[in-house]
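**Q** Here you go, this is structure28.cif (mmCIF, C-alpha atoms and all ligand atoms).
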```cif
data_query
loop_
_atom_site.label_atom_id
_atom_site.label_comp_id
_atom_site.auth_asym_id
_atom_site.auth_seq_id
_atom_site.Cartn_x
_atom_site.Cartn_y
_atom_site.Cartn_z
CA MET M 246 0.00 0.00 0.00
CA THR M 247 3.05 2.29 -0.07
CA GLU M 248 3.22 4.73 -2.99
CA HIS M 249 6.28 6.53 -4.32
CA ILE M 250 5.91 9.71 -6.33
CA GLN M 251 8.75 11.68 -7.84
CA VAL M 252 8.56 15.48 -7.74
CA SER M 253 11.01 17.23 -10.01
CA GLY M 254 11.55 20.58 -11.62
CA LYS M 255 14.33 22.94 -12.57
CA GLY M 256 17.16 22.20 -10.14
CA PHE M 257 15.34 19.83 -7.79
CA ALA M 258 14.07 16.28 -7.55
CA TYR M 259 12.75 14.40 -4.55
CA GLN M 260 10.65 11.44 -3.66
CA VAL M 261 7.35 11.51 -1.81
CA THR M 262 6.51 8.26 -0.01
CA ILE M 263 2.92 7.74 1.11
CA GLY M 264 1.54 4.91 3.21
CA PRO M 265 0.61 3.69 6.68
CA GLY M 266 3.20 3.20 9.44
CA LEU M 267 6.10 4.93 7.66
CA LEU M 268 7.37 6.89 10.67
CA GLN M 269 8.21 3.66 12.45
CA GLN M 270 10.24 2.31 9.50
CA PRO M 271 13.96 3.18 9.88
CA GLN M 272 14.52 2.27 6.22
CA GLN M 273 12.54 5.35 5.18
CA PHE M 274 15.39 7.47 6.51
CA ALA M 275 18.37 5.23 5.78
CA GLY M 276 19.26 7.00 2.53
CA LEU M 277 19.30 10.43 4.10
CA GLN M 278 23.07 10.82 4.47
CA ALA M 279 22.68 13.00 7.54
CA ALA M 280 26.00 12.26 9.18
CA ASP M 281 25.98 15.76 10.62
CA GLY M 282 22.72 15.27 12.43
CA VAL M 283 19.09 16.10 12.21
CA LEU M 284 16.99 18.74 13.94
CA ILE M 285 13.41 17.57 14.27
CA VAL M 286 11.04 20.53 14.49
CA SER M 287 7.60 19.75 15.85
CA ASN M 288 4.96 21.28 18.07
CA ASP M 289 3.85 20.21 21.54
CA VAL M 290 0.72 18.39 20.28
CA VAL M 291 2.37 16.40 17.48
CA ALA M 292 5.58 15.72 19.43
CA GLU M 293 3.54 14.06 22.18
CA LEU M 294 2.08 11.69 19.58
CA TYR M 295 4.91 10.94 17.14
CA LEU M 296 8.29 12.30 18.26
CA ALA M 297 9.39 9.17 20.14
CA THR M 298 8.52 6.94 17.17
CA LEU M 299 10.50 9.12 14.78
CA GLN M 300 13.48 9.36 17.14
CA GLN M 301 13.51 5.58 17.49
CA SER M 302 13.52 5.12 13.71
CA LEU M 303 16.32 7.64 13.22
CA GLN M 304 18.36 6.05 15.99
CA THR M 305 17.93 2.61 14.40
CA ALA M 306 18.99 4.12 11.06
CA GLY M 307 22.13 5.44 12.80
CA ILE M 308 21.14 9.12 12.58
CA ASP M 309 21.90 11.47 15.45
CA CYS M 310 18.94 13.77 16.18
CA HIS M 311 17.95 16.78 18.27
CA ALA M 312 14.43 18.12 18.75
CA CYS M 313 13.06 21.65 18.81
CA ILE M 314 9.48 21.78 20.06
CA VAL M 315 7.55 24.95 19.28
CA PRO M 316 4.13 25.96 20.61
CA ASP M 317 1.10 24.74 18.66
CA GLY M 318 -0.99 27.08 16.54
CA GLU M 319 -1.07 29.50 13.63
CA GLN M 320 -0.57 32.38 16.11
CA HIS M 321 2.94 31.05 16.68
CA LYS M 322 3.87 31.03 12.99
CA THR M 323 6.02 34.08 13.61
CA ILE M 324 9.49 35.50 13.19
CA ALA M 325 10.03 34.82 16.91
CA THR M 326 9.35 31.08 16.53
CA TRP M 327 11.44 30.96 13.35
CA GLN M 328 14.28 32.54 15.33
CA SER M 329 13.94 29.94 18.10
CA ILE M 330 14.43 27.20 15.49
CA VAL M 331 17.45 28.93 13.97
CA ASP M 332 18.89 29.50 17.46
CA HIS M 333 18.54 25.78 18.09
CA LEU M 334 20.49 25.05 14.89
CA VAL M 335 23.22 27.43 16.08
CA ARG M 336 23.35 25.80 19.53
CA MET M 337 23.76 22.33 18.04
CA GLN M 338 26.46 23.69 15.72
CA ALA M 339 24.54 22.66 12.67
CA ASN M 340 26.38 22.96 9.37
CA ARG M 341 25.39 22.77 5.72
CA LYS M 342 25.07 18.98 5.94
CA THR M 343 22.60 19.09 8.82
CA VAL M 344 19.00 18.20 7.96
CA VAL M 345 15.88 19.87 9.39
CA MET M 346 12.88 17.54 9.73
CA ALA M 347 9.43 19.09 9.94
CA LEU M 348 7.09 16.82 11.88
CA GLY M 349 3.60 18.32 11.94
CA GLY M 350 0.98 20.16 9.95
CA GLY M 351 1.37 23.06 7.57
CA VAL M 352 2.34 25.51 10.31
CA VAL M 353 5.35 23.46 11.43
CA GLY M 354 6.20 22.58 7.81
CA ASP M 355 6.21 26.22 6.67
CA MET M 356 8.24 27.46 9.66
CA ALA M 357 10.77 24.62 9.74
CA GLY M 358 11.06 24.89 5.96
CA PHE M 359 11.80 28.60 6.25
CA ALA M 360 14.39 27.99 8.98
CA ALA M 361 16.07 25.46 6.67
CA ALA M 362 15.81 27.85 3.71
CA SER M 363 17.52 30.65 5.61
CA TYR M 364 20.02 28.97 7.97
CA MET M 365 23.46 29.32 6.36
CA ARG M 366 21.60 30.35 3.18
CA GLY M 367 19.91 27.00 2.91
CA ILE M 368 20.20 23.50 4.33
CA ARG M 369 18.12 20.43 3.57
CA VAL M 370 14.60 19.98 4.91
CA VAL M 371 12.61 16.75 5.08
CA GLN M 372 8.86 17.17 5.36
CA LEU M 373 6.96 14.68 7.52
CA PRO M 374 3.41 16.05 7.28
CA THR M 375 0.83 14.86 9.81
CA THR M 376 -2.34 16.70 8.72
CA LEU M 377 -4.39 15.99 5.64
CA LEU M 378 -3.90 19.57 4.46
CA ALA M 379 -0.14 19.27 4.77
CA GLN M 380 -0.06 15.86 3.06
CA VAL M 381 -2.11 16.90 0.05
CA ASP M 382 -0.73 20.41 -0.26
CA ALA M 383 1.67 22.20 2.09
CA ALA M 384 4.46 19.60 2.32
CA ILE M 385 5.16 19.59 -1.41
CA GLY M 386 6.11 22.42 -3.70
CA GLY M 387 8.58 24.29 -1.51
CA LYS M 388 6.59 27.26 -0.22
CA THR M 389 7.90 28.15 3.24
CA GLY M 390 7.43 31.14 5.49
CA VAL M 391 5.95 32.85 8.50
CA ASN M 392 3.22 35.42 9.15
CA LEU M 393 3.72 39.07 10.01
CA PRO M 394 1.22 41.11 12.05
CA SER M 395 0.34 42.78 8.72
CA GLY M 396 -0.44 39.58 6.85
CA LYS M 397 -0.21 35.81 6.43
CA ASN M 398 2.89 34.25 4.86
CA LEU M 399 4.35 37.67 4.05
CA VAL M 400 7.93 36.55 4.66
CA GLY M 401 9.24 33.34 3.22
CA ALA M 402 11.14 31.55 0.50
CA PHE M 403 10.73 28.83 -2.06
CA HIS M 404 12.79 25.95 -0.66
CA GLN M 405 12.01 22.47 -1.95
CA PRO M 406 12.31 19.55 0.50
CA SER M 407 14.85 16.84 -0.18
CA MET M 408 12.45 14.09 0.89
CA VAL M 409 8.80 13.85 1.94
CA VAL M 410 7.44 10.97 4.00
CA MET M 411 3.67 10.92 4.54
CA ASP M 412 2.57 8.43 7.16
CA SER M 413 -1.17 8.13 6.55
CA ASP M 414 -1.62 6.52 9.99
CA THR M 415 -0.94 9.90 11.57
CA LEU M 416 -4.27 11.08 10.17
CA HIS M 417 -6.10 8.79 12.59
CA THR M 418 -5.30 11.09 15.51
CA LEU M 419 -6.25 14.23 13.62
CA PRO M 420 -9.35 15.95 15.06
CA GLU M 421 -12.41 15.46 12.85
CA ARG M 422 -12.70 19.15 12.03
CA GLU M 423 -9.05 19.37 10.92
CA TYR M 424 -9.42 16.25 8.80
CA ARG M 425 -12.52 17.58 7.03
CA ALA M 426 -10.83 20.93 6.46
CA GLY M 427 -8.13 19.06 4.54
CA LEU M 428 -10.79 17.49 2.33
CA ALA M 429 -11.55 20.96 0.91
CA GLU M 430 -8.08 21.04 -0.65
CA VAL M 431 -8.71 17.57 -2.06
CA VAL M 432 -11.94 18.73 -3.72
CA LYS M 433 -9.93 21.67 -5.07
CA TYR M 434 -7.61 19.41 -7.11
CA ALA M 435 -10.57 17.47 -8.47
CA MET M 436 -12.38 20.64 -9.50
CA ILE M 437 -9.45 22.36 -11.18
CA MET M 438 -7.86 19.43 -12.98
CA ASP M 439 -9.39 15.98 -12.69
CA ALA M 440 -13.04 15.12 -13.42
CA GLY M 441 -12.34 11.40 -12.95
CA PHE M 442 -10.96 12.07 -9.48
CA PHE M 443 -14.05 14.13 -8.68
CA ALA M 444 -16.27 11.15 -9.55
CA TRP M 445 -13.98 8.89 -7.48
CA LEU M 446 -14.39 11.22 -4.48
CA GLU M 447 -18.16 11.07 -4.90
CA GLN M 448 -17.99 7.26 -4.93
CA HIS M 449 -15.55 6.93 -2.03
CA ALA M 450 -16.88 9.70 0.22
CA ASP M 451 -17.93 7.32 2.99
CA ALA M 452 -14.63 5.42 3.04
CA LEU M 453 -12.75 8.71 3.06
CA LEU M 454 -14.81 10.10 5.92
CA GLN M 455 -14.02 6.90 7.82
CA ARG M 456 -10.34 7.32 6.90
CA HIS M 457 -9.94 3.85 5.37
CA ALA M 458 -6.23 3.27 4.82
CA GLN M 459 -6.40 2.22 1.18
CA SER M 460 -8.69 5.06 0.15
CA LEU M 461 -6.54 7.54 2.05
CA THR M 462 -3.36 6.47 0.31
CA ALA M 463 -5.07 6.58 -3.08
CA MET M 464 -6.57 10.01 -2.43
CA ILE M 465 -3.35 11.54 -1.11
CA GLY M 466 -1.37 10.00 -3.97
CA THR M 467 -3.64 11.56 -6.58
CA CYS M 468 -3.37 14.99 -4.96
CA VAL M 469 0.42 14.72 -4.70
CA ARG M 470 0.71 13.73 -8.38
CA HIS M 471 -1.39 16.73 -9.37
CA LYS M 472 0.55 19.11 -7.19
CA ALA M 473 3.84 17.67 -8.47
CA GLU M 474 2.76 18.25 -12.05
CA VAL M 475 1.76 21.87 -11.37
CA VAL M 476 4.91 22.62 -9.36
CA ALA M 477 7.12 21.10 -12.07
CA ALA M 478 5.48 23.30 -14.69
CA ASP M 479 5.49 26.51 -12.66
CA THR M 480 7.66 26.25 -9.55
CA LEU M 481 7.71 29.96 -8.70
CA GLU M 482 4.02 30.63 -9.39
CA GLN M 483 4.44 32.78 -12.46
CA GLY M 484 1.30 31.31 -14.03
CA ARG M 485 -0.30 27.89 -13.83
CA ARG M 486 0.48 27.28 -10.13
CA ALA M 487 -2.03 30.04 -9.32
CA LEU M 488 -4.75 27.52 -10.25
CA LEU M 489 -4.09 26.00 -6.83
CA ASN M 490 -5.61 29.16 -5.36
CA TYR M 491 -9.09 28.05 -6.45
CA GLY M 492 -11.51 29.19 -3.73
CA HIS M 493 -8.68 30.83 -1.79
CA THR M 494 -9.18 34.48 -2.76
CA PHE M 495 -12.78 34.37 -1.56
CA ALA M 496 -11.63 32.38 1.48
CA HIS M 497 -8.95 34.90 2.45
CA ALA M 498 -11.55 37.68 2.41
CA LEU M 499 -13.90 35.65 4.60
CA GLU M 500 -11.09 34.77 6.99
CA SER M 501 -9.75 38.30 7.30
CA GLN M 502 -13.26 39.72 7.84
CA THR M 503 -13.80 37.30 10.73
CA ALA M 504 -10.33 37.89 12.23
CA TYR M 505 -9.29 34.31 11.35
CA THR M 506 -11.43 32.97 14.19
CA HIS M 507 -14.63 31.68 12.58
CA TRP M 508 -13.34 29.00 10.21
CA LEU M 509 -10.38 26.72 9.77
CA HIS M 510 -8.70 27.63 6.48
CA GLY M 511 -10.08 24.59 4.64
CA GLU M 512 -13.60 25.41 5.81
CA ALA M 513 -13.26 28.90 4.35
CA VAL M 514 -11.84 27.42 1.14
CA ALA M 515 -14.93 25.19 0.84
CA ILE M 516 -17.16 28.27 0.93
CA GLY M 517 -14.74 30.08 -1.38
CA MET M 518 -15.02 27.30 -3.97
CA HIS M 519 -18.80 27.48 -3.80
CA LEU M 520 -18.68 31.27 -4.25
CA ALA M 521 -16.29 30.91 -7.18
CA ALA M 522 -18.42 28.30 -8.92
CA SER M 523 -21.56 30.34 -8.34
CA PHE M 524 -19.73 33.39 -9.76
CA SER M 525 -18.87 31.44 -12.94
CA HIS M 526 -22.43 30.28 -13.23
CA GLN M 527 -23.73 33.80 -12.80
CA ALA M 528 -21.41 34.91 -15.60
CA GLY M 529 -22.88 32.20 -17.83
CA ASP M 530 -19.63 30.23 -18.04
CA ILE M 531 -20.81 27.00 -16.42
CA ASN M 532 -24.14 25.32 -16.02
CA ALA M 533 -25.83 24.73 -12.69
CA GLU M 534 -24.90 21.06 -12.62
CA VAL M 535 -21.26 21.95 -12.05
CA VAL M 536 -22.17 24.14 -9.08
CA ASN M 537 -24.54 21.53 -7.74
CA ARG M 538 -22.12 18.60 -7.95
CA GLN M 539 -19.44 20.54 -6.14
CA LEU M 540 -21.95 21.75 -3.55
CA GLN M 541 -23.29 18.24 -2.91
CA LEU M 542 -19.78 16.83 -2.45
CA LEU M 543 -18.83 19.61 -0.05
CA LEU M 544 -22.01 19.04 1.95
CA ARG M 545 -21.31 15.30 1.97
CA PHE M 546 -17.91 16.03 3.43
CA GLY M 547 -19.68 17.93 6.20
CA PHE M 548 -18.96 21.54 5.31
CA ASP M 549 -21.33 24.19 6.59
CA LEU M 550 -21.41 26.67 3.72
CA SER M 551 -23.51 29.31 5.43
CA LEU M 552 -22.13 32.79 5.97
CA PRO M 553 -22.34 34.20 9.49
CA ALA M 554 -24.51 37.23 10.19
CA GLY M 555 -22.80 40.57 10.25
CA LEU M 556 -20.54 40.22 7.22
CA GLN M 557 -20.65 43.16 4.79
CA ALA M 558 -20.46 42.62 1.03
CA GLU M 559 -18.41 45.81 0.46
CA ALA M 560 -15.88 44.91 3.16
CA LEU M 561 -15.50 41.40 1.75
CA ALA M 562 -14.95 42.68 -1.79
CA ASN M 563 -12.43 45.24 -0.52
CA ALA M 564 -10.59 42.51 1.36
CA MET M 565 -10.29 40.64 -1.95
CA LEU M 566 -8.73 43.75 -3.50
CA LEU M 567 -6.01 43.56 -0.84
CA ASP M 568 -5.22 39.94 -1.68
CA LYS M 569 -1.82 39.06 -3.16
CA LYS M 570 -3.66 38.08 -6.37
CA ALA M 571 -5.12 41.57 -6.95
CA ASP M 572 -3.52 44.40 -8.90
CA GLN M 573 -4.55 47.85 -10.12
CA ARG M 574 -6.68 46.37 -12.90
CA GLY M 575 -8.72 44.28 -10.51
CA ILE M 576 -8.99 40.94 -8.81
CA THR M 577 -7.74 37.70 -10.28
CA LEU M 578 -10.00 34.75 -9.63
CA VAL M 579 -9.63 31.06 -10.36
CA LEU M 580 -12.93 30.05 -11.89
CA PRO M 581 -14.22 26.63 -12.92
CA ARG M 582 -15.15 25.95 -16.51
CA ALA M 583 -16.36 22.40 -15.83
CA ILE M 584 -15.82 19.71 -13.23
CA GLY M 585 -12.07 19.10 -13.63
CA ALA M 586 -11.19 22.32 -15.47
CA ALA M 587 -10.53 25.87 -14.26
CA VAL M 588 -9.00 29.08 -15.58
CA ILE M 589 -7.10 31.98 -14.09
CA SER M 590 -9.40 34.91 -14.74
CA PRO M 591 -7.98 38.41 -14.17
CA ASP M 592 -9.45 41.92 -13.88
CA HIS M 593 -12.66 41.41 -11.96
CA ASP M 594 -13.95 44.65 -10.54
CA CYS M 595 -15.03 45.29 -7.01
CA ALA M 596 -18.65 46.06 -7.96
CA SER M 597 -19.30 42.63 -9.43
CA LEU M 598 -17.94 41.02 -6.28
CA VAL M 599 -20.00 43.24 -4.01
CA LYS M 600 -23.10 42.13 -5.90
CA HIS M 601 -22.06 38.51 -5.64
CA PHE M 602 -21.48 38.69 -1.90
CA GLN M 603 -24.76 40.59 -1.43
CA TYR M 604 -26.64 37.75 -3.05
CA HIS M 605 -24.91 35.06 -0.98
CA LEU M 606 -25.24 37.01 2.26
CA GLN M 607 -28.99 37.20 1.68
CA ALA M 608 -29.45 33.57 0.68
CA ALA M 609 -26.47 31.57 1.81
CA PRO M 610 -26.74 27.80 1.40
CA ARG M 611 -26.70 25.98 4.71
CA GLN M 612 -26.43 22.33 5.56
CA GLY M 613 -28.32 19.75 3.46
CA ALA M 614 -32.00 20.58 3.63
CA ASP M 615 -31.57 24.33 3.33
CA VAL M 616 -29.70 24.15 0.06
CA ASN M 617 -32.83 24.57 -2.00
CA ALA M 618 -33.54 27.81 -0.20
CA GLU M 619 -30.87 29.42 -2.31
CA CYS M 620 -32.87 29.06 -5.49
CA SER M 621 -36.28 29.68 -3.99
CA GLN M 622 -36.13 33.42 -4.55
CA PRO M 623 -33.89 33.92 -7.56
CA ASP M 624 -32.64 37.39 -8.20
CA PRO M 625 -33.01 37.82 -11.97
CA SER M 626 -30.13 40.28 -12.14
CA HIS M 627 -27.83 37.86 -10.39
CA ALA M 628 -29.30 34.44 -10.83
CA PRO M 629 -27.79 31.81 -8.53
CA PRO M 630 -27.39 28.18 -9.50
CA GLN M 631 -30.39 25.95 -9.04
CA HIS M 632 -29.83 23.43 -6.29
CA SER M 633 -32.42 20.81 -7.03
CA SER M 634 -32.21 17.57 -5.09
CA ASN M 635 -31.73 15.46 -8.21
CA GLN M 636 -28.98 17.81 -9.37
CA GLU M 637 -30.71 18.40 -12.69
CA ASP M 638 -29.54 21.45 -14.55
CA GLU M 639 -32.60 23.64 -14.56
CA ASN M 640 -30.79 26.77 -15.52
CA HIS M 641 -28.41 25.83 -18.28
CA ASP M 642 -29.47 28.61 -20.59
CA HIS M 643 -28.30 31.20 -18.10
P1 LIG Z 1 -1.70 23.07 11.61
O1 LIG Z 1 -0.33 22.83 11.22
O2 LIG Z 1 -1.97 24.19 12.56
O3 LIG Z 1 -2.32 21.73 12.20
C1 LIG Z 1 -3.66 21.74 12.63
C2 LIG Z 1 -3.79 21.23 14.07
O4 LIG Z 1 -3.66 19.81 14.06
C3 LIG Z 1 -2.73 21.74 15.01
O5 LIG Z 1 -3.29 21.97 16.27
C4 LIG Z 1 -1.73 20.59 15.06
O6 LIG Z 1 -0.96 20.58 16.24
C5 LIG Z 1 -2.65 19.41 14.99
N1 LIG Z 1 -2.08 18.20 14.45
C6 LIG Z 1 -1.22 18.07 13.43
N2 LIG Z 1 -1.07 16.78 13.11
C7 LIG Z 1 -1.81 16.07 13.97
C8 LIG Z 1 -2.07 14.70 14.14
N3 LIG Z 1 -1.58 13.78 13.31
N4 LIG Z 1 -2.88 14.30 15.15
C9 LIG Z 1 -3.45 15.22 15.97
N5 LIG Z 1 -3.26 16.54 15.84
C10 LIG Z 1 -2.45 16.95 14.84
O7 LIG Z 1 -2.63 23.36 10.33
P2 LIG Z 1 -2.62 22.79 8.84
O8 LIG Z 1 -4.01 22.90 8.39
O9 LIG Z 1 -1.90 21.52 8.71
O10 LIG Z 1 -1.73 23.88 8.06
C11 LIG Z 1 -2.12 25.22 7.93
C12 LIG Z 1 -0.90 26.02 7.57
O11 LIG Z 1 -0.36 25.54 6.36
C13 LIG Z 1 -1.17 27.51 7.38
O12 LIG Z 1 -0.19 28.24 8.08
C14 LIG Z 1 -0.99 27.72 5.88
O13 LIG Z 1 -0.49 28.99 5.56
C15 LIG Z 1 0.00 26.63 5.54
N6 LIG Z 1 -0.08 26.17 4.15
C16 LIG Z 1 1.07 26.11 3.44
C17 LIG Z 1 1.06 25.67 2.14
C18 LIG Z 1 2.35 25.55 1.37
O14 LIG Z 1 2.31 25.31 0.16
N7 LIG Z 1 3.47 25.71 2.01
C19 LIG Z 1 -0.12 25.24 1.55
C20 LIG Z 1 -1.29 25.29 2.31
C21 LIG Z 1 -1.26 25.76 3.61
N1 LIG Z 2 -0.84 25.89 -1.73
C1 LIG Z 2 -0.68 26.45 -3.01
C2 LIG Z 2 0.67 26.28 -3.58
O1 LIG Z 2 1.50 25.57 -3.05
O2 LIG Z 2 0.95 26.87 -4.57
#
```
What does the file become when written as structure tokens?
Ligand code: NAD
Ligand code: GLY
**A**
Amino acid sequence: MTEHIQVSGKGFAYQVTIGPGLLQQPQQFAGLQAADGVLIVSNDVVAELYLATLQQSLQTAGIDCHACIVPDGEQHKTIATWQSIVDHLVRMQANRKTVVMALGGGVVGDMAGFAAASYMRGIRVVQLPTTLLAQVDAAIGGKTGVNLPSGKNLVGAFHQPSMVVMDSDTLHTLPEREYRAGLAEVVKYAMIMDAGFFAWLEQHADALLQRHAQSLTAMIGTCVRHKAEVVAADTLEQGRRALLNYGHTFAHALESQTAYTHWLHGEAVAIGMHLAASFSHQAGDINAEVVNRQLQLLLRFGFDLSLPAGLQAEALANAMLLDKKADQRGITLVLPRAIGAAVISPDHDCASLVKHFQYHLQAAPRQGADVNAECSQPDPSHAPPQHSSNQEDENHDH
């Protein structure tokens, strides 16, 4: 059940290994050539669960290791925590042959990756992701960094890992809400580039919600292959890699307008994907079936797509203007053209987004039964997708 996937691009190549029980297999690390030691970076929650297992495997593989445990949480993804990791490297007299190992979710992976990218102008990092989000997304592709008070991920570097080991067993201890949040990024790959995978997710939704080992490995493997392909084609996000931001520009606005407290990132991305698909439908670029299929899958995965009271359409649209993907001509959106196909669509103006948010704030889809409420009072100037229970396209002329 172990899968190996090669990620390569200009100047880098590494292997991603996916499967159950990998952290307890010393052979996974035997080829590391880390004679000058390893610094494992983890947080207090993940270290409690998996640090001893990893240390045992490294010891058996003959690798000397130290550990730097940082506090858990996005609020600690800061310059101060980055400095504590670098200080640890200094204290252990790390040199250019030392390896940093990131054991944890995307927060640990981004910070440890950035410490490795910057210490002595760059030493190797091995990513050992333990959340679904990190396994399907953050641990591959080389984006590293920390947040500043003025914005998320504002300081960082592209620094590809030299090895990625994804132990799917670690997902069994992941809280339900975190696991489901990761599923939003999985739906993202299916929507932007793989209709067959989308159908597979529909068929395997129950097994995936129950975290069946075989389905997990297959799902993660598909996401990693897609990300590897995009990263190989556009490592520094000059073009195609921006497709991976599907749903994210809407999500960032929602998150910033709720002070990052209302949703986990993946939960906001789920709503963002629904808003993006609905936007495409409203523009006449996709039929309602596309919106409906995505909506039904997101609901099946347990996402609550309702918008909380108190959000303002103008403030949300303005927050999108501040996004990294906006410029003076307007906002760049990733918009679906079908299940499994999306485009990078620039120059959207604020007014069209205000109107879009206004509609969704008035008639936001909620869980299951309320979905039809969205199409019960269609606004002819801004017609939403029809959400009929049999997913028929009742609005394909729009
Ligand atoms: P996270 O790292 O905060 O992990 C979520 C929670 O789960 C934390 O409390 C963590 O301690 C806990 N946890 C981790 N693994 C666990 C396990 N196996 N069992 C029990 N608990 C576990 O969050 P995340 O969603 O993994 O990552 C979000 C971060 O990733 C954000 O900072 C985001 O900017 C970044 N990110 C980076 C990229 C990239 O390409 N580099 C892509 C997407 C997101
Ligand atoms: N998470 C998006 C990217 O890596 O480009």
**Q** So that I can see what lies close to M:Ile263, please list as a PyMOL selection string the residues with an atom at most 6 Å from it, counting only C-alpha atoms and leaving out residues fewer than 2 positions away in the same chain.
**A** chain M and resi 247-248+411
**Q** Report as a PyMOL selection string which protein, DNA and RNA residues come within 7 Å of ligand LIG 1 (chain Z), using only C-alpha atoms and all ligand atoms.
**A** chain M and resi 288+290-291+317-319+322+349-353+355+375-379+382-389+397-398+415-420+423+427+510
**Q** Those same residues - C-alpha atoms - I'd like them written as a CSV table (one decimal), in the frame of the given file.
**A**
```csv
chain,number,residue,atom,x,y,z
M,288,ASN,CA,5.0,21.3,18.1
M,290,VAL,CA,0.7,18.4,20.3
M,291,VAL,CA,2.4,16.4,17.5
M,317,ASP,CA,1.1,24.7,18.7
M,318,GLY,CA,-1.0,27.1,16.5
M,319,GLU,CA,-1.1,29.5,13.6
M,322,LYS,CA,3.9,31.0,13.0
M,349,GLY,CA,3.6,18.3,11.9
M,350,GLY,CA,1.0,20.2,10.0
M,351,GLY,CA,1.4,23.1,7.6
M,352,VAL,CA,2.3,25.5,10.3
M,353,VAL,CA,5.4,23.5,11.4
M,355,ASP,CA,6.2,26.2,6.7
M,375,THR,CA,0.8,14.9,9.8
M,376,THR,CA,-2.3,16.7,8.7
M,377,LEU,CA,-4.4,16.0,5.6
M,378,LEU,CA,-3.9,19.6,4.5
M,379,ALA,CA,-0.1,19.3,4.8
M,382,ASP,CA,-0.7,20.4,-0.3
M,383,ALA,CA,1.7,22.2,2.1
M,384,ALA,CA,4.5,19.6,2.3
M,385,ILE,CA,5.2,19.6,-1.4
M,386,GLY,CA,6.1,22.4,-3.7
M,387,GLY,CA,8.6,24.3,-1.5
M,388,LYS,CA,6.6,27.3,-0.2
M,389,THR,CA,7.9,28.2,3.2
M,397,LYS,CA,-0.2,35.8,6.4
M,398,ASN,CA,2.9,34.2,4.9
M,415,THR,CA,-0.9,9.9,11.6
M,416,LEU,CA,-4.3,11.1,10.2
M,417,HIS,CA,-6.1,8.8,12.6
M,418,THR,CA,-5.3,11.1,15.5
M,419,LEU,CA,-6.2,14.2,13.6
M,420,PRO,CA,-9.4,16.0,15.1
M,423,GLU,CA,-9.0,19.4,10.9
M,427,GLY,CA,-8.1,19.1,4.5
M,510,HIS,CA,-8.7,27.6,6.5
```
**Q** For a quick check of your reading of the model, name the residues lying within 9 Å of the coordinate (-7.1, 13.0, -6.3), counting all atoms listed in the file, and write them as an mmCIF file with C-alpha atoms, keeping the file's coordinate frame.
**A**
```cif
data_model
loop_
_atom_site.group_PDB
_atom_site.id
_atom_site.type_symbol
_atom_site.label_atom_id
_atom_site.label_comp_id
_atom_site.auth_asym_id
_atom_site.auth_seq_id
_atom_site.Cartn_x
_atom_site.Cartn_y
_atom_site.Cartn_z
ATOM 1 C CA VAL M 381 -2.110 16.900 0.050
ATOM 2 C CA VAL M 431 -8.710 17.570 -2.060
ATOM 3 C CA VAL M 432 -11.940 18.730 -3.720
ATOM 4 C CA TYR M 434 -7.610 19.410 -7.110
ATOM 5 C CA ALA M 435 -10.570 17.470 -8.470
ATOM 6 C CA ASP M 439 -9.390 15.980 -12.690
ATOM 7 C CA GLY M 441 -12.340 11.400 -12.950
ATOM 8 C CA PHE M 442 -10.960 12.070 -9.480
ATOM 9 C CA PHE M 443 -14.050 14.130 -8.680
ATOM 10 C CA TRP M 445 -13.980 8.890 -7.480
ATOM 11 C CA LEU M 446 -14.390 11.220 -4.480
ATOM 12 C CA ALA M 463 -5.070 6.580 -3.080
ATOM 13 C CA MET M 464 -6.570 10.010 -2.430
ATOM 14 C CA ILE M 465 -3.350 11.540 -1.110
ATOM 15 C CA GLY M 466 -1.370 10.000 -3.970
ATOM 16 C CA THR M 467 -3.640 11.560 -6.580
ATOM 17 C CA CYS M 468 -3.370 14.990 -4.960
ATOM 18 C CA VAL M 469 0.420 14.720 -4.700
ATOM 19 C CA ARG M 470 0.710 13.730 -8.380
ATOM 20 C CA HIS M 471 -1.390 16.730 -9.370
#
```
**Q** Could you work out how far atom CA of M:Leu520 lies from atom CA of M:Arg456, giving the answer in Å with one decimal?
**A** 27.7 Å
**Q** Identify which of the residues M:Thr343, M:Asp568, M:Arg366, M:Val476 lies closest to M:Ala402, counting only C-alpha atoms when measuring atom-to-atom distances.
**A**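 Closest candidate: M:Arg366.
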**Q** Nearest residue to ligand LIG 2 (chain Z) out of M:Val331, M:Met356, M:Val514, M:Val261, using all atoms listed in the file?
**A** M:Val514
**Q** Which residues, written as a list in words, have at least one atom at most 12 Å from M:Ala279, with all atoms listed in the file counted and residues fewer than 5 positions away on the same chain left out?
**A** Phe274, Leu284, Leu303, Gln304, Ala306, Gly307, Ile308, Asp309, Cys310, Ala339, Asn340, Arg341, Lys342, Thr343, Val344, Val345, Met346, Ile368, Arg369, Val370, Val371 and Ser407 of chain M
**Q** Closest to M:Met518 among M:Val579, M:Ala473, M:Ile330, M:Ala533, using only C-alpha atoms?
**A**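 Between M:Val579, M:Ala473, M:Ile330, M:Ala533, the residue approaching M:Met518 most closely is M:Val579.
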**Q** Select, counting all atoms listed in the file, all protein, DNA and RNA residues no farther than 12 Å from (-5.7, 42.1, -4.8) in file coordinates, and express the selection as an MDAnalysis selection string.
**A** chainID M and resid 494:495 497:498 561:578 591:595
**Q** Can you pull out the residues contacting M:Leu299? Cut-off 9 Å, using all atoms listed in the file, and skip same-chain residues under 3 positions away; I want them as a list in words.
**A**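 With the cut-off at 9 Å, the set is Leu268, Gln269, Gln270, Pro271, Ile285, Tyr295, Leu296, Ser302, Leu303, Gln304 and Leu348 of chain M.
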